[in-house]
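Trainee: Okay, handing you the structure first.
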Amino acid sequence: MRMLLRGAAALAAVVTVASLTSGAAAQPRPEKAAGTVRAAAAQIPPGVTAGVAVYDRRTGTFTEQVNDSAQFRSASVVKLLLALDFLWNRGPDYTIPAADRALLEPMLRSSDDDAANHYWSTYGGSAIIDRMVAPDRLGLRDTQGPPAGYPGYWGYSAVSARDTVTIYRYILEKAPAPVRTFIMDNLRASTRCASDKFDQHFGIAGAFDRPWAVKQGWAGAYAKGTCGPQGAADVRAATAEGAAPKGAADVDLTRPALHSTGTVGADDRSIVAVLTTHPVGTSYGKAYTDIGRLTRSLNVPGGVRPAGTWFGTWGEFVNVRKGPATGDDRITQLPAGVEVLVGCQVRGQVVNVPPYTNDWWAYLPQYKGYISNIYISSPDNRLPNVPECAS
């Protein structure tokens with residue numbers, strides 16, 4: 001038997017990850033079998049403020065509504081409105097110029113901020129929001145532009161979970177077919193690594209098997225993105241909207257935000273909106289795990305859970321590799337302290353993190369790669385109740 005954690009700080013970090021869900025034991029919650037998601041009340045982790053709405057398009061009913069009219073700063077979720085405003089009344093064939101396609105696609109797929117800055121500054125800033133909330137367009141109830149004095153801060157626009165459902169319902173049920181196809185195809189092609197190197201496959205993208213389509217959002221003092229084969233890279237300490245002004249609006253602009261929105265299931269059966277803010281100082285990995293556990297607790301008709309068992313991790317810049325060896329190509333690096341889904345495990349290269357040694361590696365199906373078990377928060381080298389990978 002070995003101890004994975006070195007020092008009180010590391011132990012505290014893992015206990016935090018393992019205790020995110022109210023009333024849960026301080027162990028990773030096993031979710032082994034794939035299958036249709038069972039009904040469950042939304043489980044909001046301690047310290048998290050959330051607005052949640054799940055709408056079943058087949059029955060025309062909500063299966064989850066928690067603070068669904070509460071306003072949150074939109075972060076990058078507002079990019080849906082930027083795209084819709086640009087595409088509005090584009091003509092009978094809705095042709096998108098090549099230069100705009102080259103901006104819109106990465107804005108929707110990889111949450112590119114430079115593209116959002118272009119559309120915000122070119123087409124009127126807050127006037128975009130005013131146009132889109134109007135009754136002759138989307139008729140949104142809780143959405144508004146950024147507070148006075150911050151006209152360039154598109155991420156400070158306010159949005160609610162129920163308005164987010166309305167946006168998706170318009171795209172899926174009322175938008176011209178070329179607009180619907182363009183937006184949804186890009187959301188289905190969401191890249192794991194966003195343009196600013198943050199891993200954006202949290203929430204919906206981690207909780208359910210495909211088919212899904214997502215537009216995510218994050219904002220706050222997350223210091224680094226680590227996604228991709230090149231590993232960690234410095235990015236702006238606060239995302240494109242800049243440092244949060246104090247007292248600028250009733251909407252919380254100080255606590256770090258993490259949002260997961262989109263559709264789940266065949267024919268985009270369920271629309272899911274999970275908007276969250278977290279205590280100041282929360283790490284990206286902890287917020288990522290918080291929103292993952294919350295999203296997995298939801299009753300989402302048509303959603304299917306991925307097979308595997310969830311475990312916490314420890315350590316910064318943990319590499320996910322193509323094979324169970326440190327010499328194999330790096331796929332990406334995990335957000336520090338994030339929870340991961342393990343599908344199976346296999347013996348591979350011995351890894352030493354003195355005074356600990358481990359030759360078992362966990363296969364992470366959602367990354368299509370391996371991490372050393374030495375970085376997984378479990379007391380033994382071999383993970384309990386996890387099968388060996390087939391040869």
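Following the order of the structure tokens, chains are lettered A, B, ..., residues in each are numbered from 1, and ligands are numbered from 1.
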Using DSSP secondary structure from the backbone, list all strand (DSSP E) positions within range 91-340 of chain A, as a JSON list (two decimals) with all heavy atoms, in the first residue's frame.

Mentor:
```json
[["chain", "number", "residue", "atom", "x", "y", "z"],
["A", 158, "ALA", "N", -25.36, 39.74, -18.92],
["A", 158, "ALA", "CA", -26.06, 38.84, -18.00],
["A", 158, "ALA", "C", -26.93, 37.87, -18.76],
["A", 158, "ALA", "O", -27.52, 38.23, -19.79],
["A", 158, "ALA", "CB", -26.91, 39.66, -17.03],
["A", 159, "VAL", "N", -27.03, 36.64, -18.25],
["A", 159, "VAL", "CA", -27.88, 35.62, -18.86],
["A", 159, "VAL", "C", -28.38, 34.70, -17.75],
["A", 159, "VAL", "O", -27.76, 34.62, -16.68],
["A", 159, "VAL", "CB", -27.11, 34.83, -19.94],
["A", 159, "VAL", "CG1", -26.05, 33.93, -19.31],
["A", 159, "VAL", "CG2", -28.05, 34.05, -20.85],
["A", 212, "TRP", "N", -23.80, 15.04, -28.32],
["A", 212, "TRP", "CA", -24.05, 16.28, -27.60],
["A", 212, "TRP", "C", -23.46, 17.43, -28.40],
["A", 212, "TRP", "O", -22.65, 17.24, -29.31],
["A", 212, "TRP", "CB", -23.48, 16.26, -26.17],
["A", 212, "TRP", "CG", -22.07, 15.76, -25.98],
["A", 212, "TRP", "CD1", -21.69, 14.58, -25.41],
["A", 212, "TRP", "CD2", -20.84, 16.44, -26.32],
["A", 212, "TRP", "NE1", -20.32, 14.47, -25.39],
["A", 212, "TRP", "CE2", -19.78, 15.60, -25.94],
["A", 212, "TRP", "CE3", -20.54, 17.66, -26.92],
["A", 212, "TRP", "CZ2", -18.43, 15.95, -26.12],
["A", 212, "TRP", "CZ3", -19.21, 18.02, -27.11],
["A", 212, "TRP", "CH2", -18.17, 17.16, -26.71],
["A", 213, "ALA", "N", -23.90, 18.62, -28.06],
["A", 213, "ALA", "CA", -23.36, 19.85, -28.65],
["A", 213, "ALA", "C", -23.23, 20.85, -27.51],
["A", 213, "ALA", "O", -24.14, 20.95, -26.68],
["A", 213, "ALA", "CB", -24.30, 20.39, -29.73],
["A", 214, "VAL", "N", -22.10, 21.57, -27.43],
["A", 214, "VAL", "CA", -21.89, 22.43, -26.27],
["A", 214, "VAL", "C", -21.35, 23.80, -26.65],
["A", 214, "VAL", "O", -20.59, 23.95, -27.61],
["A", 214, "VAL", "CB", -20.93, 21.79, -25.25],
["A", 214, "VAL", "CG1", -21.54, 20.56, -24.62],
["A", 214, "VAL", "CG2", -19.57, 21.48, -25.85],
["A", 215, "LYS", "N", -21.77, 24.79, -25.87],
["A", 215, "LYS", "CA", -21.10, 26.09, -25.82],
["A", 215, "LYS", "C", -20.85, 26.38, -24.35],
["A", 215, "LYS", "O", -21.77, 26.53, -23.56],
["A", 215, "LYS", "CB", -21.95, 27.21, -26.44],
["A", 215, "LYS", "CG", -21.22, 28.56, -26.41],
["A", 215, "LYS", "CD", -20.01, 28.52, -27.33],
["A", 215, "LYS", "CE", -18.94, 29.54, -26.96],
["A", 215, "LYS", "NZ", -18.08, 29.09, -25.86],
["A", 216, "GLN", "N", -19.56, 26.42, -24.00],
["A", 216, "GLN", "CA", -19.14, 26.55, -22.62],
["A", 216, "GLN", "C", -18.73, 27.99, -22.32],
["A", 216, "GLN", "O", -18.54, 28.80, -23.24],
["A", 216, "GLN", "CB", -17.97, 25.61, -22.34],
["A", 216, "GLN", "CG", -18.13, 24.20, -22.91],
["A", 216, "GLN", "CD", -19.05, 23.32, -22.09],
["A", 216, "GLN", "OE1", -20.21, 23.65, -21.87],
["A", 216, "GLN", "NE2", -18.52, 22.20, -21.62],
["A", 217, "GLY", "N", -18.56, 28.30, -21.04],
["A", 217, "GLY", "CA", -18.08, 29.61, -20.66],
["A", 217, "GLY", "C", -17.27, 29.54, -19.38],
["A", 217, "GLY", "O", -17.56, 28.73, -18.50],
["A", 218, "TRP", "N", -16.24, 30.36, -19.27],
["A", 218, "TRP", "CA", -15.45, 30.43, -18.04],
["A", 218, "TRP", "C", -14.89, 31.84, -17.91],
["A", 218, "TRP", "O", -14.58, 32.50, -18.89],
["A", 218, "TRP", "CB", -14.32, 29.39, -18.01],
["A", 218, "TRP", "CG", -13.40, 29.39, -19.19],
["A", 218, "TRP", "CD1", -12.16, 29.96, -19.27],
["A", 218, "TRP", "CD2", -13.62, 28.76, -20.46],
["A", 218, "TRP", "NE1", -11.60, 29.73, -20.51],
["A", 218, "TRP", "CE2", -12.48, 28.99, -21.26],
["A", 218, "TRP", "CE3", -14.68, 28.03, -20.98],
["A", 218, "TRP", "CZ2", -12.37, 28.53, -22.56],
["A", 218, "TRP", "CZ3", -14.57, 27.56, -22.29],
["A", 218, "TRP", "CH2", -13.42, 27.80, -23.06],
["A", 219, "ALA", "N", -14.79, 32.31, -16.69],
["A", 219, "ALA", "CA", -14.29, 33.65, -16.42],
["A", 219, "ALA", "C", -13.83, 33.72, -14.99],
["A", 219, "ALA", "O", -14.47, 33.18, -14.09],
["A", 219, "ALA", "CB", -15.37, 34.70, -16.68],
["A", 224, "LYS", "N", -3.79, 29.68, -15.62],
["A", 224, "LYS", "CA", -3.16, 29.05, -16.78],
["A", 224, "LYS", "C", -4.11, 28.08, -17.45],
["A", 224, "LYS", "O", -4.93, 27.44, -16.80],
["A", 224, "LYS", "CB", -1.89, 28.28, -16.38],
["A", 224, "LYS", "CG", -0.72, 29.15, -15.98],
["A", 224, "LYS", "CD", 0.50, 28.29, -15.69],
["A", 224, "LYS", "CE", 1.70, 29.17, -15.34],
["A", 224, "LYS", "NZ", 2.90, 28.35, -15.08],
["A", 225, "GLY", "N", -3.96, 27.96, -18.76],
["A", 225, "GLY", "CA", -4.54, 26.85, -19.48],
["A", 225, "GLY", "C", -3.45, 25.82, -19.73],
["A", 225, "GLY", "O", -2.29, 26.19, -19.93],
["A", 233, "ALA", "N", 0.63, 26.88, -20.70],
["A", 233, "ALA", "CA", 1.00, 28.13, -21.33],
["A", 233, "ALA", "C", 0.36, 29.26, -20.54],
["A", 233, "ALA", "O", -0.76, 29.15, -20.08],
["A", 233, "ALA", "CB", 0.54, 28.18, -22.78],
["A", 234, "ASP", "N", 1.09, 30.35, -20.37],
["A", 234, "ASP", "CA", 0.53, 31.50, -19.66],
["A", 234, "ASP", "C", -0.55, 32.14, -20.52],
["A", 234, "ASP", "O", -0.39, 32.33, -21.72],
["A", 234, "ASP", "CB", 1.62, 32.53, -19.37],
["A", 234, "ASP", "CG", 2.59, 32.04, -18.31],
["A", 234, "ASP", "OD1", 2.13, 31.42, -17.34],
["A", 234, "ASP", "OD2", 3.80, 32.27, -18.46],
["A", 257, "ALA", "N", -16.46, 32.06, -12.70],
["A", 257, "ALA", "CA", -17.62, 31.42, -13.30],
["A", 257, "ALA", "C", -17.20, 30.25, -14.17],
["A", 257, "ALA", "O", -16.11, 30.24, -14.76],
["A", 257, "ALA", "CB", -18.40, 32.43, -14.14],
["A", 258, "LEU", "N", -18.07, 29.26, -14.25],
["A", 258, "LEU", "CA", -17.89, 28.14, -15.16],
["A", 258, "LEU", "C", -19.28, 27.69, -15.60],
["A", 258, "LEU", "O", -20.12, 27.35, -14.74],
["A", 258, "LEU", "CB", -17.13, 26.99, -14.49],
["A", 258, "LEU", "CG", -16.36, 26.04, -15.40],
["A", 258, "LEU", "CD1", -15.27, 26.77, -16.17],
["A", 258, "LEU", "CD2", -15.77, 24.88, -14.63],
["A", 259, "HIS", "N", -19.55, 27.70, -16.90],
["A", 259, "HIS", "CA", -20.87, 27.39, -17.42],
["A", 259, "HIS", "C", -20.78, 26.29, -18.48],
["A", 259, "HIS", "O", -19.85, 26.27, -19.28],
["A", 259, "HIS", "CB", -21.50, 28.62, -18.10],
["A", 259, "HIS", "CG", -21.52, 29.86, -17.27],
["A", 259, "HIS", "ND1", -21.76, 29.85, -15.91],
["A", 259, "HIS", "CD2", -21.34, 31.17, -17.61],
["A", 259, "HIS", "CE1", -21.74, 31.10, -15.46],
["A", 259, "HIS", "NE2", -21.47, 31.91, -16.46],
["A", 260, "SER", "N", -21.79, 25.42, -18.48],
["A", 260, "SER", "CA", -21.89, 24.38, -19.50],
["A", 260, "SER", "C", -23.30, 24.42, -20.07],
["A", 260, "SER", "O", -24.28, 24.25, -19.34],
["A", 260, "SER", "CB", -21.60, 23.00, -18.91],
["A", 260, "SER", "OG", -21.58, 22.01, -19.93],
["A", 261, "THR", "N", -23.41, 24.67, -21.37],
["A", 261, "THR", "CA", -24.72, 24.75, -22.02],
["A", 261, "THR", "C", -24.70, 23.97, -23.32],
["A", 261, "THR", "O", -23.65, 23.82, -23.94],
["A", 261, "THR", "CB", -25.12, 26.21, -22.32],
["A", 261, "THR", "OG1", -24.42, 26.68, -23.50],
["A", 261, "THR", "CG2", -24.82, 27.13, -21.14],
["A", 262, "GLY", "N", -25.87, 23.48, -23.72],
["A", 262, "GLY", "CA", -25.93, 22.78, -24.99],
["A", 262, "GLY", "C", -27.08, 21.79, -25.05],
["A", 262, "GLY", "O", -28.07, 21.93, -24.33],
["A", 263, "THR", "N", -26.91, 20.79, -25.90],
["A", 263, "THR", "CA", -27.94, 19.77, -26.09],
["A", 263, "THR", "C", -27.34, 18.39, -25.88],
["A", 263, "THR", "O", -26.14, 18.18, -26.07],
["A", 263, "THR", "CB", -28.56, 19.85, -27.49],
["A", 263, "THR", "OG1", -27.57, 19.54, -28.48],
["A", 263, "THR", "CG2", -29.13, 21.23, -27.77],
["A", 264, "VAL", "N", -28.21, 17.45, -25.50],
["A", 264, "VAL", "CA", -27.80, 16.08, -25.21],
["A", 264, "VAL", "C", -28.80, 15.13, -25.83],
["A", 264, "VAL", "O", -30.01, 15.36, -25.77],
["A", 264, "VAL", "CB", -27.73, 15.84, -23.69],
["A", 264, "VAL", "CG1", -27.42, 14.37, -23.39],
["A", 264, "VAL", "CG2", -26.70, 16.76, -23.03],
["A", 270, "SER", "N", -32.58, 16.89, -25.28],
["A", 270, "SER", "CA", -32.61, 17.73, -24.08],
["A", 270, "SER", "C", -31.72, 18.95, -24.27],
["A", 270, "SER", "O", -30.60, 18.86, -24.78],
["A", 270, "SER", "CB", -32.14, 16.95, -22.85],
["A", 270, "SER", "OG", -33.11, 16.02, -22.44],
["A", 271, "ILE", "N", -32.23, 20.09, -23.85],
["A", 271, "ILE", "CA", -31.43, 21.31, -23.76],
["A", 271, "ILE", "C", -31.01, 21.46, -22.31],
["A", 271, "ILE", "O", -31.84, 21.39, -21.40],
["A", 271, "ILE", "CB", -32.23, 22.54, -24.22],
["A", 271, "ILE", "CG1", -32.64, 22.39, -25.69],
["A", 271, "ILE", "CG2", -31.41, 23.82, -24.03],
["A", 271, "ILE", "CD1", -33.63, 23.45, -26.15],
["A", 272, "VAL", "N", -29.72, 21.66, -22.09],
["A", 272, "VAL", "CA", -29.16, 21.71, -20.74],
["A", 272, "VAL", "C", -28.44, 23.04, -20.54],
["A", 272, "VAL", "O", -27.61, 23.42, -21.38],
["A", 272, "VAL", "CB", -28.20, 20.54, -20.49],
["A", 272, "VAL", "CG1", -27.63, 20.60, -19.07],
["A", 272, "VAL", "CG2", -28.90, 19.20, -20.73],
["A", 273, "ALA", "N", -28.74, 23.72, -19.46],
["A", 273, "ALA", "CA", -28.02, 24.94, -19.09],
["A", 273, "ALA", "C", -27.61, 24.84, -17.64],
["A", 273, "ALA", "O", -28.47, 24.73, -16.76],
["A", 273, "ALA", "CB", -28.90, 26.16, -19.32],
["A", 274, "VAL", "N", -26.31, 24.84, -17.39],
["A", 274, "VAL", "CA", -25.76, 24.80, -16.03],
["A", 274, "VAL", "C", -24.81, 25.98, -15.90],
["A", 274, "VAL", "O", -23.73, 26.00, -16.48],
["A", 274, "VAL", "CB", -25.01, 23.48, -15.76],
["A", 274, "VAL", "CG1", -24.49, 23.45, -14.33],
["A", 274, "VAL", "CG2", -25.91, 22.27, -16.03],
["A", 275, "LEU", "N", -25.24, 26.99, -15.14],
["A", 275, "LEU", "CA", -24.46, 28.21, -14.93],
["A", 275, "LEU", "C", -23.99, 28.22, -13.49],
["A", 275, "LEU", "O", -24.79, 28.02, -12.57],
["A", 275, "LEU", "CB", -25.31, 29.45, -15.22],
["A", 275, "LEU", "CG", -26.10, 29.46, -16.54],
["A", 275, "LEU", "CD1", -26.91, 30.75, -16.66],
["A", 275, "LEU", "CD2", -25.17, 29.29, -17.73],
["A", 276, "THR", "N", -22.70, 28.43, -13.26],
["A", 276, "THR", "CA", -22.16, 28.35, -11.90],
["A", 276, "THR", "C", -21.15, 29.44, -11.63],
["A", 276, "THR", "O", -20.41, 29.87, -12.52],
["A", 276, "THR", "CB", -21.48, 26.98, -11.63],
["A", 276, "THR", "OG1", -20.33, 26.84, -12.46],
["A", 276, "THR", "CG2", -22.43, 25.82, -11.87],
["A", 277, "THR", "N", -21.11, 29.87, -10.36],
["A", 277, "THR", "CA", -19.99, 30.66, -9.85],
["A", 277, "THR", "C", -19.44, 29.97, -8.62],
["A", 277, "THR", "O", -20.15, 29.20, -7.94],
["A", 277, "THR", "CB", -20.39, 32.11, -9.50],
["A", 277, "THR", "OG1", -21.42, 32.10, -8.51],
["A", 277, "THR", "CG2", -20.86, 32.85, -10.74],
["A", 304, "VAL", "N", -26.92, 9.63, -22.01],
["A", 304, "VAL", "CA", -26.34, 8.34, -21.66],
["A", 304, "VAL", "C", -25.00, 8.58, -20.98],
["A", 304, "VAL", "O", -24.14, 9.31, -21.49],
["A", 304, "VAL", "CB", -26.15, 7.45, -22.91],
["A", 304, "VAL", "CG1", -25.44, 6.15, -22.54],
["A", 304, "VAL", "CG2", -27.49, 7.17, -23.57],
["A", 305, "ARG", "N", -24.83, 7.97, -19.82],
["A", 305, "ARG", "CA", -23.58, 8.12, -19.08],
["A", 305, "ARG", "C", -22.47, 7.29, -19.72],
["A", 305, "ARG", "O", -22.70, 6.16, -20.14],
["A", 305, "ARG", "CB", -23.75, 7.65, -17.64],
["A", 305, "ARG", "CG", -24.69, 8.52, -16.81],
["A", 305, "ARG", "CD", -24.72, 7.99, -15.38],
["A", 305, "ARG", "NE", -25.66, 8.72, -14.57],
["A", 305, "ARG", "CZ", -25.40, 9.88, -13.97],
["A", 305, "ARG", "NH1", -24.20, 10.41, -14.12],
["A", 305, "ARG", "NH2", -26.31, 10.48, -13.25],
["A", 309, "THR", "N", -15.38, 4.61, -14.01],
["A", 309, "THR", "CA", -15.45, 5.03, -12.62],
["A", 309, "THR", "C", -14.72, 6.35, -12.45],
["A", 309, "THR", "O", -13.62, 6.52, -12.99],
["A", 309, "THR", "CB", -14.82, 3.97, -11.70],
["A", 309, "THR", "OG1", -15.44, 2.70, -11.95],
["A", 309, "THR", "CG2", -15.01, 4.33, -10.23],
["A", 310, "TRP", "N", -15.33, 7.27, -11.71],
["A", 310, "TRP", "CA", -14.73, 8.59, -11.51],
["A", 310, "TRP", "C", -13.78, 8.57, -10.31],
["A", 310, "TRP", "O", -14.11, 8.04, -9.25],
["A", 310, "TRP", "CB", -15.82, 9.64, -11.28],
["A", 310, "TRP", "CG", -16.63, 9.88, -12.52],
["A", 310, "TRP", "CD1", -17.79, 9.25, -12.86],
["A", 310, "TRP", "CD2", -16.35, 10.81, -13.56],
["A", 310, "TRP", "NE1", -18.25, 9.72, -14.07],
["A", 310, "TRP", "CE2", -17.39, 10.69, -14.53],
["A", 310, "TRP", "CE3", -15.33, 11.73, -13.79],
["A", 310, "TRP", "CZ2", -17.42, 11.46, -15.68],
["A", 310, "TRP", "CZ3", -15.36, 12.50, -14.95],
["A", 310, "TRP", "CH2", -16.39, 12.36, -15.88],
["A", 311, "PHE", "N", -12.60, 9.17, -10.50],
["A", 311, "PHE", "CA", -11.61, 9.30, -9.44],
["A", 311, "PHE", "C", -11.05, 10.71, -9.42],
["A", 311, "PHE", "O", -10.94, 11.36, -10.47],
["A", 311, "PHE", "CB", -10.43, 8.33, -9.67],
["A", 311, "PHE", "CG", -10.74, 6.89, -9.44],
["A", 311, "PHE", "CD1", -11.18, 6.09, -10.48],
["A", 311, "PHE", "CD2", -10.59, 6.31, -8.18],
["A", 311, "PHE", "CE1", -11.47, 4.74, -10.29],
["A", 311, "PHE", "CE2", -10.88, 4.98, -7.97],
["A", 311, "PHE", "CZ", -11.31, 4.18, -9.02],
["A", 319, "ASN", "N", 0.42, 14.62, -17.11],
["A", 319, "ASN", "CA", 0.36, 14.34, -18.54],
["A", 319, "ASN", "C", -0.57, 13.18, -18.86],
["A", 319, "ASN", "O", -0.55, 12.15, -18.18],
["A", 319, "ASN", "CB", 1.76, 14.00, -19.07],
["A", 319, "ASN", "CG", 2.71, 15.17, -19.00],
["A", 319, "ASN", "OD1", 2.38, 16.27, -19.42],
["A", 319, "ASN", "ND2", 3.90, 14.95, -18.45],
["A", 320, "VAL", "N", -1.38, 13.35, -19.89],
["A", 320, "VAL", "CA", -2.14, 12.25, -20.48],
["A", 320, "VAL", "C", -1.39, 11.83, -21.73],
["A", 320, "VAL", "O", -1.14, 12.66, -22.62],
["A", 320, "VAL", "CB", -3.58, 12.68, -20.83],
["A", 320, "VAL", "CG1", -4.35, 11.50, -21.42],
["A", 320, "VAL", "CG2", -4.29, 13.25, -19.62],
["A", 321, "ARG", "N", -1.03, 10.53, -21.81],
["A", 321, "ARG", "CA", -0.19, 10.07, -22.91],
["A", 321, "ARG", "C", -0.90, 9.02, -23.74],
["A", 321, "ARG", "O", -1.86, 8.38, -23.29],
["A", 321, "ARG", "CB", 1.13, 9.52, -22.36],
["A", 321, "ARG", "CG", 1.94, 10.59, -21.62],
["A", 321, "ARG", "CD", 3.35, 10.14, -21.31],
["A", 321, "ARG", "NE", 4.12, 11.16, -20.62],
["A", 321, "ARG", "CZ", 4.77, 12.17, -21.22],
["A", 321, "ARG", "NH1", 4.72, 12.28, -22.55],
["A", 321, "ARG", "NH2", 5.43, 13.06, -20.51],
["A", 330, "ARG", "N", 2.53, 13.00, -25.63],
["A", 330, "ARG", "CA", 1.59, 13.64, -24.73],
["A", 330, "ARG", "C", 0.38, 14.13, -25.52],
["A", 330, "ARG", "O", 0.51, 14.78, -26.55],
["A", 330, "ARG", "CB", 2.25, 14.82, -24.02],
["A", 330, "ARG", "CG", 1.31, 15.55, -23.07],
["A", 330, "ARG", "CD", 2.04, 16.50, -22.15],
["A", 330, "ARG", "NE", 2.77, 17.52, -22.87],
["A", 330, "ARG", "CZ", 3.71, 18.30, -22.31],
["A", 330, "ARG", "NH1", 4.02, 18.12, -21.05],
["A", 330, "ARG", "NH2", 4.33, 19.21, -23.02],
["A", 331, "ILE", "N", -0.80, 13.81, -25.00],
["A", 331, "ILE", "CA", -2.05, 14.28, -25.61],
["A", 331, "ILE", "C", -2.43, 15.63, -25.04],
["A", 331, "ILE", "O", -2.79, 16.56, -25.76],
["A", 331, "ILE", "CB", -3.18, 13.26, -25.38],
["A", 331, "ILE", "CG1", -2.85, 11.93, -26.08],
["A", 331, "ILE", "CG2", -4.52, 13.81, -25.85],
["A", 331, "ILE", "CD1", -3.82, 10.81, -25.74],
["A", 332, "THR", "N", -2.35, 15.74, -23.72],
["A", 332, "THR", "CA", -2.71, 16.98, -23.04],
["A", 332, "THR", "C", -2.22, 16.91, -21.60],
["A", 332, "THR", "O", -1.59, 15.91, -21.20],
["A", 332, "THR", "CB", -4.25, 17.21, -23.07],
["A", 332, "THR", "OG1", -4.55, 18.53, -22.60],
["A", 332, "THR", "CG2", -4.99, 16.19, -22.22],
["A", 333, "GLN", "N", -2.48, 17.95, -20.83],
["A", 333, "GLN", "CA", -2.22, 17.95, -19.40],
["A", 333, "GLN", "C", -3.54, 18.23, -18.68],
["A", 333, "GLN", "O", -4.34, 19.04, -19.14],
["A", 333, "GLN", "CB", -1.19, 19.01, -19.02],
["A", 333, "GLN", "CG", 0.22, 18.68, -19.50],
["A", 333, "GLN", "CD", 1.24, 19.71, -19.07],
["A", 333, "GLN", "OE1", 0.96, 20.90, -19.04],
["A", 333, "GLN", "NE2", 2.43, 19.25, -18.74],
["A", 340, "VAL", "N", -11.43, 12.51, -12.98],
["A", 340, "VAL", "CA", -11.37, 11.89, -14.30],
["A", 340, "VAL", "C", -12.15, 10.58, -14.31],
["A", 340, "VAL", "O", -12.29, 9.92, -13.29],
["A", 340, "VAL", "CB", -9.91, 11.63, -14.74],
["A", 340, "VAL", "CG1", -9.15, 12.92, -14.96],
["A", 340, "VAL", "CG2", -9.18, 10.74, -13.74]]
```

Trainee: Using only C-alpha atoms, which protein or nucleic acid residues come within 8 Å of Ser126 in chain A? Drop anything in the same chain fewer than 2 positions from it, and give the result as a list in words.

Mentor: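 These residues fall inside the cut-off: Trp120, Gly124, Ile128, Ile129, Asp130, Gly145, Pro146, Pro151 and Trp154 of chain A.
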
Trainee: Give me, please, the distance in Å between CA of Arg347 in chain A and CA of Tyr367 in chain A, quoted to one decimal.

Mentor: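 For CA of Arg347 in chain A relative to CA of Tyr367 in chain A, the distance reads 18.5 Å.
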
Trainee: Among range 261-340 of chain A, which ones does DSSP assign to alpha helix (DSSP H) (computed from the backbone)? Answer as a VMD selection string.

Mentor: chain A and resid 284 to 296

Trainee: Please indicate the distance in Å from CA of Thr289 in chain A to CA of Gln200 in chain A, rounded to one decimal place.

Mentor: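 Between CA of Thr289 in chain A and CA of Gln200 in chain A the gap is 12.0 Å.
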
Trainee: Could you list, as a PDB file with C-alpha atoms, in the first residue's frame, every residue within 8 Å of Asp56 in chain A, counting only C-alpha atoms and ignoring same-chain residues fewer than 2 positions away?

Mentor:
```pdb
ATOM      1  CA  VAL A  54     -33.048  21.046 -18.383  1.00  0.00           C
ATOM      2  CA  ARG A  58     -39.835  15.525 -26.803  1.00  0.00           C
ATOM      3  CA  THR A  59     -42.321  16.169 -23.995  1.00  0.00           C
ATOM      4  CA  GLY A  60     -42.106  19.959 -23.940  1.00  0.00           C
ATOM      5  CA  THR A  61     -41.388  19.984 -20.197  1.00  0.00           C
ATOM      6  CA  PHE A  62     -38.590  20.943 -17.839  1.00  0.00           C
ATOM      7  CA  THR A  63     -37.038  18.082 -15.884  1.00  0.00           C
ATOM      8  CA  ARG A 269     -33.592  15.846 -27.253  1.00  0.00           C
ATOM      9  CA  SER A 270     -32.610  17.732 -24.082  1.00  0.00           C
ATOM     10  CA  ILE A 271     -31.430  21.312 -23.760  1.00  0.00           C
ATOM     11  CA  VAL A 300     -31.452  14.628 -18.684  1.00  0.00           C
ATOM     12  CA  PRO A 301     -33.808  12.644 -20.951  1.00  0.00           C
TER      13      PRO A 301
END
```

Trainee: At a cut-off of 9 Å, using only C-alpha atoms, what residues contact range 175-185 of chain A? Leave out same-chain residues fewer than 2 positions from it and give the result as an MDAnalysis selection string.

Mentor: chainID A and resid 80 83:84 87:88 93:95 105 108 169:173 187:190 213:214

Trainee: Given the choices A:Cys193, A:Thr295, A:Gly206, A:Gly220, which gets closest to Val52 in chain A if the distance is worked out from only C-alpha atoms?

Mentor: A:Thr295
